[in-house]
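As stored in entry.txt (compact mmCIF, C-alpha atoms):
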```
# COMPACT_ATOMS: atom_id res chain seq x y z
CA MET A 1 -15.38 -21.81 -36.16
CA VAL A 2 -16.80 -22.27 -32.66
CA GLY A 3 -17.86 -18.86 -31.34
CA TYR A 4 -15.51 -18.61 -28.38
CA LYS A 5 -12.49 -19.46 -30.53
CA GLU A 6 -12.96 -16.14 -32.32
CA LEU A 7 -11.91 -14.48 -29.06
CA LYS A 8 -8.30 -15.64 -29.19
CA ASN A 9 -7.57 -12.17 -30.56
CA LEU A 10 -8.88 -9.65 -28.03
CA GLN A 11 -8.12 -6.52 -30.05
CA GLY A 12 -11.23 -4.34 -29.83
CA ARG A 13 -13.17 -6.99 -27.91
CA ILE A 14 -15.19 -6.00 -24.84
CA VAL A 15 -14.04 -7.69 -21.63
CA LEU A 16 -16.17 -7.09 -18.53
CA ILE A 17 -14.46 -7.80 -15.20
CA THR A 18 -16.07 -7.73 -11.77
CA GLY A 19 -13.94 -6.99 -8.72
CA ALA A 20 -11.68 -4.97 -11.02
CA SER A 21 -10.65 -2.29 -8.53
CA SER A 22 -7.89 -4.39 -6.97
CA GLY A 23 -6.25 -7.79 -6.68
CA MET A 24 -6.76 -10.41 -9.36
CA GLY A 25 -9.47 -8.40 -11.12
CA GLU A 26 -7.17 -5.42 -11.49
CA GLN A 27 -4.34 -7.54 -12.91
CA ILE A 28 -6.66 -9.34 -15.33
CA ALA A 29 -7.85 -5.93 -16.53
CA TYR A 30 -4.26 -4.90 -17.29
CA GLN A 31 -3.50 -8.16 -19.09
CA ALA A 32 -6.65 -7.81 -21.21
CA ALA A 33 -5.67 -4.22 -22.00
CA LYS A 34 -2.25 -5.44 -23.18
CA LYS A 35 -4.13 -7.53 -25.75
CA GLY A 36 -5.98 -4.43 -26.99
CA ALA A 37 -9.30 -5.20 -25.32
CA ILE A 38 -11.91 -2.64 -24.35
CA VAL A 39 -12.00 -3.17 -20.59
CA ILE A 40 -15.21 -2.70 -18.62
CA GLY A 41 -14.29 -2.59 -14.93
CA CYS A 42 -16.96 -3.19 -12.29
CA ALA A 43 -16.52 -2.76 -8.53
CA ARG A 44 -17.92 -0.95 -5.51
CA ARG A 45 -14.88 1.32 -4.98
CA ILE A 46 -15.37 3.73 -7.87
CA GLU A 47 -12.37 5.97 -7.10
CA LYS A 48 -9.91 3.10 -7.22
CA LEU A 49 -11.72 1.62 -10.21
CA GLU A 50 -11.35 4.87 -12.15
CA GLU A 51 -7.58 4.67 -11.62
CA VAL A 52 -7.53 1.10 -12.92
CA VAL A 53 -9.45 1.87 -16.10
CA ALA A 54 -7.30 4.96 -16.71
CA THR A 55 -4.27 2.67 -16.63
CA CYS A 56 -6.04 0.27 -19.00
CA ARG A 57 -6.54 3.13 -21.47
CA ARG A 58 -2.84 3.96 -21.37
CA ILE A 59 -1.87 0.32 -21.85
CA SER A 60 -4.29 -0.50 -24.67
CA GLY A 61 -4.62 2.84 -26.43
CA ASN A 62 -8.29 1.90 -26.47
CA ASP A 63 -11.42 2.82 -24.54
CA ALA A 64 -12.01 1.56 -21.00
CA TYR A 65 -14.97 2.17 -18.71
CA ALA A 66 -15.72 2.04 -14.98
CA PHE A 67 -19.10 1.07 -13.51
CA GLN A 68 -19.85 1.14 -9.80
CA VAL A 69 -21.59 -2.15 -9.04
CA ASP A 70 -22.34 -4.15 -5.92
CA VAL A 71 -22.77 -7.68 -7.26
CA SER A 72 -24.85 -8.66 -4.22
CA ILE A 73 -27.65 -6.48 -5.68
CA PRO A 74 -29.17 -8.15 -8.80
CA ASN A 75 -30.79 -4.96 -10.13
CA GLN A 76 -27.40 -3.26 -10.31
CA ILE A 77 -25.99 -6.18 -12.28
CA GLU A 78 -28.87 -6.16 -14.76
CA ARG A 79 -28.62 -2.40 -15.26
CA VAL A 80 -24.89 -2.38 -15.97
CA VAL A 81 -25.12 -5.30 -18.41
CA GLU A 82 -27.90 -3.59 -20.36
CA LYS A 83 -26.02 -0.27 -20.27
CA VAL A 84 -22.85 -1.83 -21.70
CA GLU A 85 -24.71 -3.81 -24.36
CA SER A 86 -26.80 -0.83 -25.51
CA SER A 87 -24.26 2.00 -25.21
CA ILE A 88 -20.80 0.47 -25.64
CA GLY A 89 -21.11 -2.83 -27.47
CA PRO A 90 -21.43 -6.60 -27.14
CA ILE A 91 -19.75 -8.19 -24.14
CA ASP A 92 -17.39 -10.81 -25.55
CA VAL A 93 -15.71 -11.96 -22.34
CA LEU A 94 -17.00 -11.97 -18.77
CA VAL A 95 -14.60 -12.43 -15.86
CA ASN A 96 -16.39 -13.01 -12.54
CA ASP A 97 -13.72 -12.09 -10.00
CA ALA A 98 -15.70 -10.22 -7.31
CA GLY A 99 -15.60 -12.04 -4.00
CA PHE A 100 -14.27 -12.07 -0.46
CA GLY A 101 -13.35 -14.53 2.27
CA LEU A 102 -12.85 -14.68 6.00
CA MET A 103 -10.67 -17.18 7.88
CA LYS A 104 -12.76 -18.19 10.87
CA GLU A 105 -14.06 -21.47 12.21
CA ALA A 106 -17.69 -22.33 11.51
CA LEU A 107 -18.79 -22.22 15.16
CA ASP A 108 -17.47 -18.67 15.50
CA PHE A 109 -18.69 -17.41 12.13
CA ASP A 110 -21.12 -14.48 11.98
CA MET A 111 -23.94 -15.86 9.82
CA ALA A 112 -24.80 -12.39 8.52
CA ILE A 113 -21.31 -12.34 6.97
CA ALA A 114 -21.85 -15.88 5.67
CA GLU A 115 -25.04 -14.78 3.92
CA ARG A 116 -23.31 -11.80 2.34
CA MET A 117 -20.43 -14.03 1.23
CA PHE A 118 -22.87 -16.29 -0.60
CA ARG A 119 -24.62 -13.28 -2.16
CA VAL A 120 -21.32 -11.92 -3.48
CA ASN A 121 -19.29 -15.04 -4.25
CA VAL A 122 -22.09 -17.24 -5.57
CA LEU A 123 -25.35 -15.46 -6.35
CA GLY A 124 -23.64 -12.36 -7.76
CA LEU A 125 -21.62 -14.58 -10.08
CA MET A 126 -24.76 -16.46 -11.12
CA TYR A 127 -26.77 -13.33 -11.86
CA MET A 128 -23.92 -11.77 -13.82
CA SER A 129 -23.33 -14.96 -15.78
CA LYS A 130 -27.00 -15.28 -16.69
CA TYR A 131 -27.56 -11.69 -17.77
CA VAL A 132 -24.38 -11.62 -19.87
CA ALA A 133 -24.86 -15.12 -21.31
CA LEU A 134 -28.35 -14.26 -22.55
CA HIS A 135 -26.75 -11.72 -24.90
CA MET A 136 -23.84 -14.00 -25.78
CA ALA A 137 -26.30 -16.75 -26.72
CA GLU A 138 -27.98 -14.49 -29.27
CA ARG A 139 -24.60 -13.97 -30.95
CA ARG A 140 -23.48 -17.58 -30.37
CA ARG A 141 -20.13 -16.28 -29.17
CA GLY A 142 -18.62 -15.60 -25.77
CA ALA A 143 -16.33 -16.65 -22.97
CA ILE A 144 -17.12 -16.72 -19.25
CA ILE A 145 -14.31 -17.05 -16.71
CA ASN A 146 -15.27 -17.74 -13.11
CA ILE A 147 -12.55 -17.17 -10.52
CA ALA A 148 -13.08 -19.96 -8.00
CA SER A 149 -10.33 -21.27 -5.71
CA ILE A 150 -8.40 -24.37 -4.81
CA ALA A 151 -10.49 -24.03 -1.62
CA GLY A 152 -13.39 -25.24 -3.78
CA LYS A 153 -11.53 -28.52 -4.28
CA ILE A 154 -9.67 -28.99 -0.99
CA ALA A 155 -11.29 -27.60 2.16
CA THR A 156 -9.15 -26.69 5.17
CA PRO A 157 -9.90 -25.50 8.72
CA LYS A 158 -11.08 -21.88 9.09
CA ALA A 159 -12.27 -21.93 5.47
CA SER A 160 -15.61 -23.67 5.92
CA VAL A 161 -17.85 -20.86 4.65
CA TYR A 162 -15.45 -19.62 1.98
CA SER A 163 -14.87 -23.17 0.71
CA ALA A 164 -18.63 -23.72 0.60
CA THR A 165 -19.02 -20.71 -1.71
CA LYS A 166 -16.25 -21.91 -4.01
CA PHE A 167 -17.55 -25.49 -4.12
CA ALA A 168 -20.85 -23.92 -5.22
CA VAL A 169 -19.09 -21.88 -7.92
CA LEU A 170 -17.43 -25.01 -9.28
CA GLY A 171 -20.69 -26.97 -9.35
CA TYR A 172 -22.53 -24.15 -11.09
CA SER A 173 -19.73 -23.56 -13.59
CA ASN A 174 -19.38 -27.23 -14.50
CA ALA A 175 -23.07 -27.49 -15.39
CA LEU A 176 -23.10 -24.08 -17.07
CA ARG A 177 -20.18 -25.16 -19.29
CA LEU A 178 -22.23 -28.06 -20.66
CA GLU A 179 -25.32 -25.92 -21.17
CA LEU A 180 -23.55 -23.09 -23.00
CA LYS A 181 -21.08 -25.05 -25.15
CA PRO A 182 -23.68 -25.71 -27.91
CA LEU A 183 -24.27 -21.94 -27.99
CA GLY A 184 -20.63 -21.13 -28.76
CA ILE A 185 -19.88 -19.95 -25.23
CA SER A 186 -16.97 -21.33 -23.20
CA VAL A 187 -16.88 -21.50 -19.40
CA LEU A 188 -13.54 -21.68 -17.60
CA THR A 189 -13.03 -22.02 -13.86
CA VAL A 190 -9.81 -20.71 -12.36
CA ASN A 191 -8.73 -22.35 -9.12
CA PRO A 192 -5.73 -20.55 -7.65
CA GLY A 193 -4.07 -21.22 -4.35
CA PRO A 194 -3.26 -18.18 -2.17
CA VAL A 195 -2.49 -15.12 -4.32
CA ARG A 196 -0.57 -12.13 -2.95
CA THR A 197 -3.36 -9.54 -3.09
CA ASP A 198 -5.34 -7.37 -0.70
CA PHE A 199 -7.92 -10.20 -0.51
CA PHE A 200 -6.15 -11.16 2.72
CA ASP A 201 -6.61 -7.70 4.22
CA ILE A 202 -10.13 -8.88 5.04
CA ALA A 203 -9.74 -12.66 4.99
CA ASP A 204 -6.79 -12.87 7.38
CA GLU A 205 -7.52 -11.08 10.64
CA SER A 206 -4.14 -12.17 12.05
CA GLY A 207 -2.20 -10.53 9.21
CA HIS A 208 0.34 -13.36 9.17
CA TYR A 209 -1.05 -15.92 6.71
CA LEU A 210 0.89 -14.87 3.60
CA ASP A 211 4.09 -14.74 5.64
CA SER A 212 3.47 -18.25 6.97
CA ILE A 213 3.16 -19.78 3.49
CA GLY A 214 6.07 -17.77 2.04
CA ALA A 215 7.03 -18.78 -1.49
CA LEU A 216 3.87 -20.90 -1.87
CA SER A 217 1.82 -17.75 -2.53
CA LEU A 218 1.18 -16.82 -6.15
CA ASN A 219 2.13 -13.67 -8.07
CA PRO A 220 -1.18 -12.08 -9.20
CA GLU A 221 0.33 -10.72 -12.42
CA ILE A 222 1.47 -14.18 -13.51
CA VAL A 223 -1.90 -15.70 -12.64
CA ALA A 224 -3.70 -12.96 -14.57
CA GLU A 225 -1.47 -13.52 -17.61
CA LYS A 226 -2.37 -17.23 -17.63
CA VAL A 227 -6.08 -16.41 -17.27
CA VAL A 228 -6.12 -14.03 -20.24
CA LYS A 229 -4.03 -16.42 -22.31
CA SER A 230 -6.76 -19.05 -21.85
CA ILE A 231 -9.43 -16.92 -23.56
CA GLY A 232 -10.46 -18.38 -26.90
CA THR A 233 -9.50 -21.92 -25.90
CA SER A 234 -11.60 -24.91 -24.84
CA ARG A 235 -9.78 -25.26 -21.52
CA ARG A 236 -12.26 -26.10 -18.75
CA GLU A 237 -10.09 -25.50 -15.67
CA LEU A 238 -6.97 -23.61 -14.73
CA ASN A 239 -5.47 -24.87 -11.47
CA LEU A 240 -2.59 -22.86 -10.01
CA PRO A 241 -0.04 -23.81 -8.95
CA GLU A 242 -0.37 -26.84 -11.21
CA TYR A 243 0.72 -29.31 -8.54
CA MET A 244 -2.50 -28.49 -6.65
CA GLN A 245 -4.40 -30.47 -9.29
CA LEU A 246 -2.35 -33.51 -8.32
CA ALA A 247 -2.99 -32.76 -4.65
CA HIS A 248 -6.73 -32.69 -5.38
CA HIS A 249 -6.60 -36.07 -7.12
CA LEU A 250 -4.70 -37.56 -4.18
CA TYR A 251 -7.25 -36.00 -1.81
CA GLU A 252 -10.06 -37.83 -3.63
CA LEU A 253 -8.17 -41.13 -3.88
CA CYS A 254 -6.93 -41.11 -0.27
CA PRO A 255 -9.49 -39.10 1.71
CA ARG A 256 -8.14 -40.00 5.16
CA LEU A 257 -4.65 -38.95 4.18
CA GLY A 258 -6.16 -35.85 2.57
CA ASP A 259 -7.91 -34.91 5.80
CA TYR A 260 -4.69 -35.43 7.73
CA LEU A 261 -2.71 -33.18 5.38
CA ALA A 262 -5.43 -30.52 5.00
CA GLY A 263 -5.88 -30.32 8.76
CA GLY A 264 -2.19 -30.42 9.53
CA ILE A 265 0.70 -29.70 7.14
CA PHE A 266 -1.41 -27.61 4.74
CA ASN A 267 -3.21 -25.72 7.51
CA LYS A 268 -1.32 -22.44 7.91
CA LYS A 269 -4.25 -20.25 8.98
```
Any chance you could put this one into structure tokens?
Amino acid sequence: MVGYKELKNLQGRIVLITGASSGMGEQIAYQAAKKGAIVIGCARRIEKLEEVVATCRRISGNDAYAFQVDVSIPNQIERVVEKVESSIGPIDVLVNDAGFGLMKEALDFDMAIAERMFRVNVLGLMYMSKYVALHMAERRRGAIINIASIAGKIATPKASVYSATKFAVLGYSNALRLELKPLGISVLTVNPGPVRTDFFDIADESGHYLDSIGALSLNPEIVAEKVVKSIGTSRRELNLPEYMQLAHHLYELCPRLGDYLAGGIFNKK
């Protein structure tokens, strides 16, 4: 059996999730706990994270652990991975969810924030993936899930920097998938549209974006359920809502029409 297929049953498996203190990361933690996983939550906000892992313990009846980590600092990533591997057990599943965005046009963008966004959204994900995958490779078993975005497939105004980070995540993940497959490690990218989480507390300075798109926004619990369900499969991408995959294909086939739609009808920022 291919290594990652052994992870279809998560009972007693160790699932490490970055950005687990809120939003998608929090919901993925709960869904993994429902499957009996040992959840390792990583985030900067340790108080909120402790509440999340306490809930995971109640859900799973199993252990759960909180580690305060800033993924923009490589040494912190390396330390927590080694701590988990040496003191708790082998990391079977890695979910890279930590990230942030900001809706602002490129000419007005603070480049210090742009640099931090790349350190968190891209480099933090790369460091975490490498340090965890080195251990997974020794066991020839593992699953890596990188939370990207539909913004990494279809760029829209006021998302130039954020889209750039997610395009980078997709490029890295697509190559990583090919490199790790012979080692029994799967790599899945998740590309959701707007999800109703506190991500927009920072990203949307106007406070009106989710209201403007209404029913088009996604339920984070449903997205998280689909993500966890994909563990142990060979699926390479999860695009949500599913019609966005069709929109991406049309964008590539008809780029002028795609630009018109992305800059007009689909631009709600």
task: State, in Å with one decimal place, the distance from CA of Gly23 (chain A) to CA of Asp70 (chain A).
output: 16.5 Å
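Of the listed residues A:Val122, A:Val161, A:Ala175, A:Ala148, the one whose atoms come nearest to Asp110 (chain A) is A:Val161, with distances taken using all atoms listed in the file.
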query: Out of A:Gly152, A:Pro192, A:Gly124, A:Gly232, which residue has the shortest atom-to-atom distance to Met24 (chain A) when counting all atoms listed in the file?
result: A:Pro192
Listed atoms of region 78-92 of chain A boxed along x, y and z, 4 Å each side, centre and edge lengths in Å, one decimal, as JSON:
```
{"center_x": -23.1, "center_y": -4.4, "center_z": -21.1, "size_x": 19.5, "size_y": 20.8, "size_z": 20.7}
```
- prompt: When you draw a straight line from CA of Ile147 (chain A) to CA of Ser72 (chain A), how long is it in Å?
  reply: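 Calculated distance between CA of Ile147 (chain A) and CA of Ser72 (chain A) is 16.2 Å.
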message: For a quick check of understanding, using all atoms listed in the file, which of A:Leu107, A:Ala168, A:Val84, A:Ile77 has the smallest distance to Arg44 (chain A)?
response: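 Distance minimum relative to Arg44 (chain A) lands on A:Ile77.
Using all atoms listed in the file for every distance, the candidate list A:Arg116, A:Arg177, A:Arg13, A:Arg235 yields A:Arg116 as the residue closest to Gly101 (chain A).
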Length of the CA of Gly193 (chain A) to CA of Ile150 (chain A) vector [Å]: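 So the two atoms, CA of Gly193 (chain A) and CA of Ile150 (chain A), lie 5.4 Å apart.
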Would you mind listing what lies within 10 Å of Glu6 (chain A) as a short mmCIF file (atom, residue, chain, number, x, y, z; two decimals) with C-alpha atoms, in the coordinates of the input, with all atoms listed in the file counted and same-chain residues fewer than 3 positions away left out?
```
data_model
loop_
_atom_site.label_atom_id
_atom_site.label_comp_id
_atom_site.auth_asym_id
_atom_site.auth_seq_id
_atom_site.Cartn_x
_atom_site.Cartn_y
_atom_site.Cartn_z
CA MET A 1 -15.38 -21.81 -36.16
CA VAL A 2 -16.80 -22.27 -32.66
CA GLY A 3 -17.86 -18.86 -31.34
CA ASN A 9 -7.57 -12.17 -30.56
CA LEU A 10 -8.88 -9.65 -28.03
CA ASP A 92 -17.39 -10.81 -25.55
CA ARG A 141 -20.13 -16.28 -29.17
CA GLY A 142 -18.62 -15.60 -25.77
CA ALA A 143 -16.33 -16.65 -22.97
CA GLY A 184 -20.63 -21.13 -28.76
CA ILE A 231 -9.43 -16.92 -23.56
CA GLY A 232 -10.46 -18.38 -26.90
CA THR A 233 -9.50 -21.92 -25.90
#
```
- prompt: Hey, which of A:Asn96, A:Asn75, A:Thr55, A:Asn62 ends up closest to Gln11 (chain A)? Count only C-alpha atoms.
  reply: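 Looking only at the distances to Gln11 (chain A), the closest residue turns out to be A:Asn62.
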message: For Lys83 (chain A), find every residue with an atom within 12 Å (counting only C-alpha atoms), except residues of its own chain fewer than 5 positions away, and show them as number ranges by chain.
response: A: 40, 65-67, 76-78, 88-91, 131-132
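Comparing A:Tyr4, A:Ser160, A:Arg57, A:Asp108 by their smallest distance to Leu188 (chain A), the closest is A:Tyr4 (using all atoms listed in the file).
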Have region 101-112 of chain A completed to all heavy atoms, please, and pass it along as a compact mmCIF listing (two decimals), in the frame of the given file.
```txt
# COMPACT_ATOMS: atom_id res chain seq x y z
N GLY A 101 -13.40 -13.39 1.36
CA GLY A 101 -13.35 -14.53 2.27
C GLY A 101 -13.04 -14.06 3.68
O GLY A 101 -12.71 -12.89 3.91
N LEU A 102 -13.17 -14.97 4.62
CA LEU A 102 -12.85 -14.68 6.00
C LEU A 102 -12.42 -15.99 6.67
O LEU A 102 -13.14 -16.98 6.65
CB LEU A 102 -14.05 -14.10 6.75
CG LEU A 102 -13.84 -13.76 8.23
CD1 LEU A 102 -12.75 -12.69 8.38
CD2 LEU A 102 -15.14 -13.30 8.87
N MET A 103 -11.20 -15.98 7.22
CA MET A 103 -10.67 -17.18 7.88
C MET A 103 -11.18 -17.23 9.32
O MET A 103 -10.68 -16.53 10.19
CB MET A 103 -9.14 -17.14 7.88
CG MET A 103 -8.51 -17.18 6.51
SD MET A 103 -6.71 -17.04 6.64
CE MET A 103 -6.26 -16.95 4.90
N LYS A 104 -12.19 -18.06 9.52
CA LYS A 104 -12.76 -18.19 10.87
C LYS A 104 -13.50 -19.52 10.93
O LYS A 104 -14.14 -19.94 9.97
CB LYS A 104 -13.72 -17.02 11.15
CG LYS A 104 -14.15 -16.92 12.61
CD LYS A 104 -15.07 -15.73 12.80
CE LYS A 104 -14.32 -14.41 12.74
NZ LYS A 104 -13.48 -14.20 13.93
N GLU A 105 -13.40 -20.18 12.06
CA GLU A 105 -14.06 -21.47 12.21
C GLU A 105 -15.57 -21.32 12.19
O GLU A 105 -16.12 -20.30 12.60
CB GLU A 105 -13.60 -22.15 13.50
CG GLU A 105 -12.12 -22.56 13.46
CD GLU A 105 -11.68 -23.29 14.71
OE1 GLU A 105 -12.47 -23.33 15.69
OE2 GLU A 105 -10.55 -23.82 14.70
N ALA A 106 -16.24 -22.38 11.72
CA ALA A 106 -17.69 -22.33 11.51
C ALA A 106 -18.46 -21.97 12.77
O ALA A 106 -19.44 -21.21 12.72
CB ALA A 106 -18.17 -23.68 10.96
N LEU A 107 -18.05 -22.48 13.92
CA LEU A 107 -18.79 -22.22 15.16
C LEU A 107 -18.68 -20.77 15.62
O LEU A 107 -19.49 -20.31 16.42
CB LEU A 107 -18.32 -23.16 16.27
CG LEU A 107 -18.52 -24.66 16.01
CD1 LEU A 107 -18.15 -25.46 17.25
CD2 LEU A 107 -19.96 -24.96 15.59
N ASP A 108 -17.66 -20.07 15.13
CA ASP A 108 -17.47 -18.67 15.50
C ASP A 108 -17.92 -17.71 14.41
O ASP A 108 -17.78 -16.49 14.58
CB ASP A 108 -15.99 -18.41 15.82
CG ASP A 108 -15.49 -19.22 17.00
OD1 ASP A 108 -16.27 -19.42 17.94
OD2 ASP A 108 -14.32 -19.66 16.97
N PHE A 109 -18.43 -18.25 13.31
CA PHE A 109 -18.69 -17.41 12.13
C PHE A 109 -19.99 -16.63 12.29
O PHE A 109 -21.04 -17.19 12.68
CB PHE A 109 -18.77 -18.28 10.87
CG PHE A 109 -18.27 -17.61 9.63
CD1 PHE A 109 -16.97 -17.80 9.19
CD2 PHE A 109 -19.09 -16.74 8.91
CE1 PHE A 109 -16.50 -17.17 8.05
CE2 PHE A 109 -18.63 -16.10 7.78
CZ PHE A 109 -17.33 -16.31 7.35
N ASP A 110 -19.94 -15.34 12.00
CA ASP A 110 -21.12 -14.48 11.98
C ASP A 110 -21.95 -14.85 10.75
O ASP A 110 -21.50 -14.66 9.62
CB ASP A 110 -20.68 -13.02 11.93
CG ASP A 110 -21.84 -12.04 11.97
OD1 ASP A 110 -22.97 -12.41 11.58
OD2 ASP A 110 -21.62 -10.88 12.36
N MET A 111 -23.16 -15.37 10.95
CA MET A 111 -23.94 -15.86 9.82
C MET A 111 -24.43 -14.74 8.90
O MET A 111 -24.74 -14.98 7.74
CB MET A 111 -25.11 -16.70 10.32
CG MET A 111 -24.67 -18.00 11.01
SD MET A 111 -23.52 -18.98 10.00
CE MET A 111 -24.61 -19.49 8.67
N ALA A 112 -24.47 -13.52 9.40
CA ALA A 112 -24.80 -12.39 8.52
C ALA A 112 -23.70 -12.21 7.48
O ALA A 112 -23.96 -11.92 6.30
CB ALA A 112 -24.99 -11.11 9.32
```
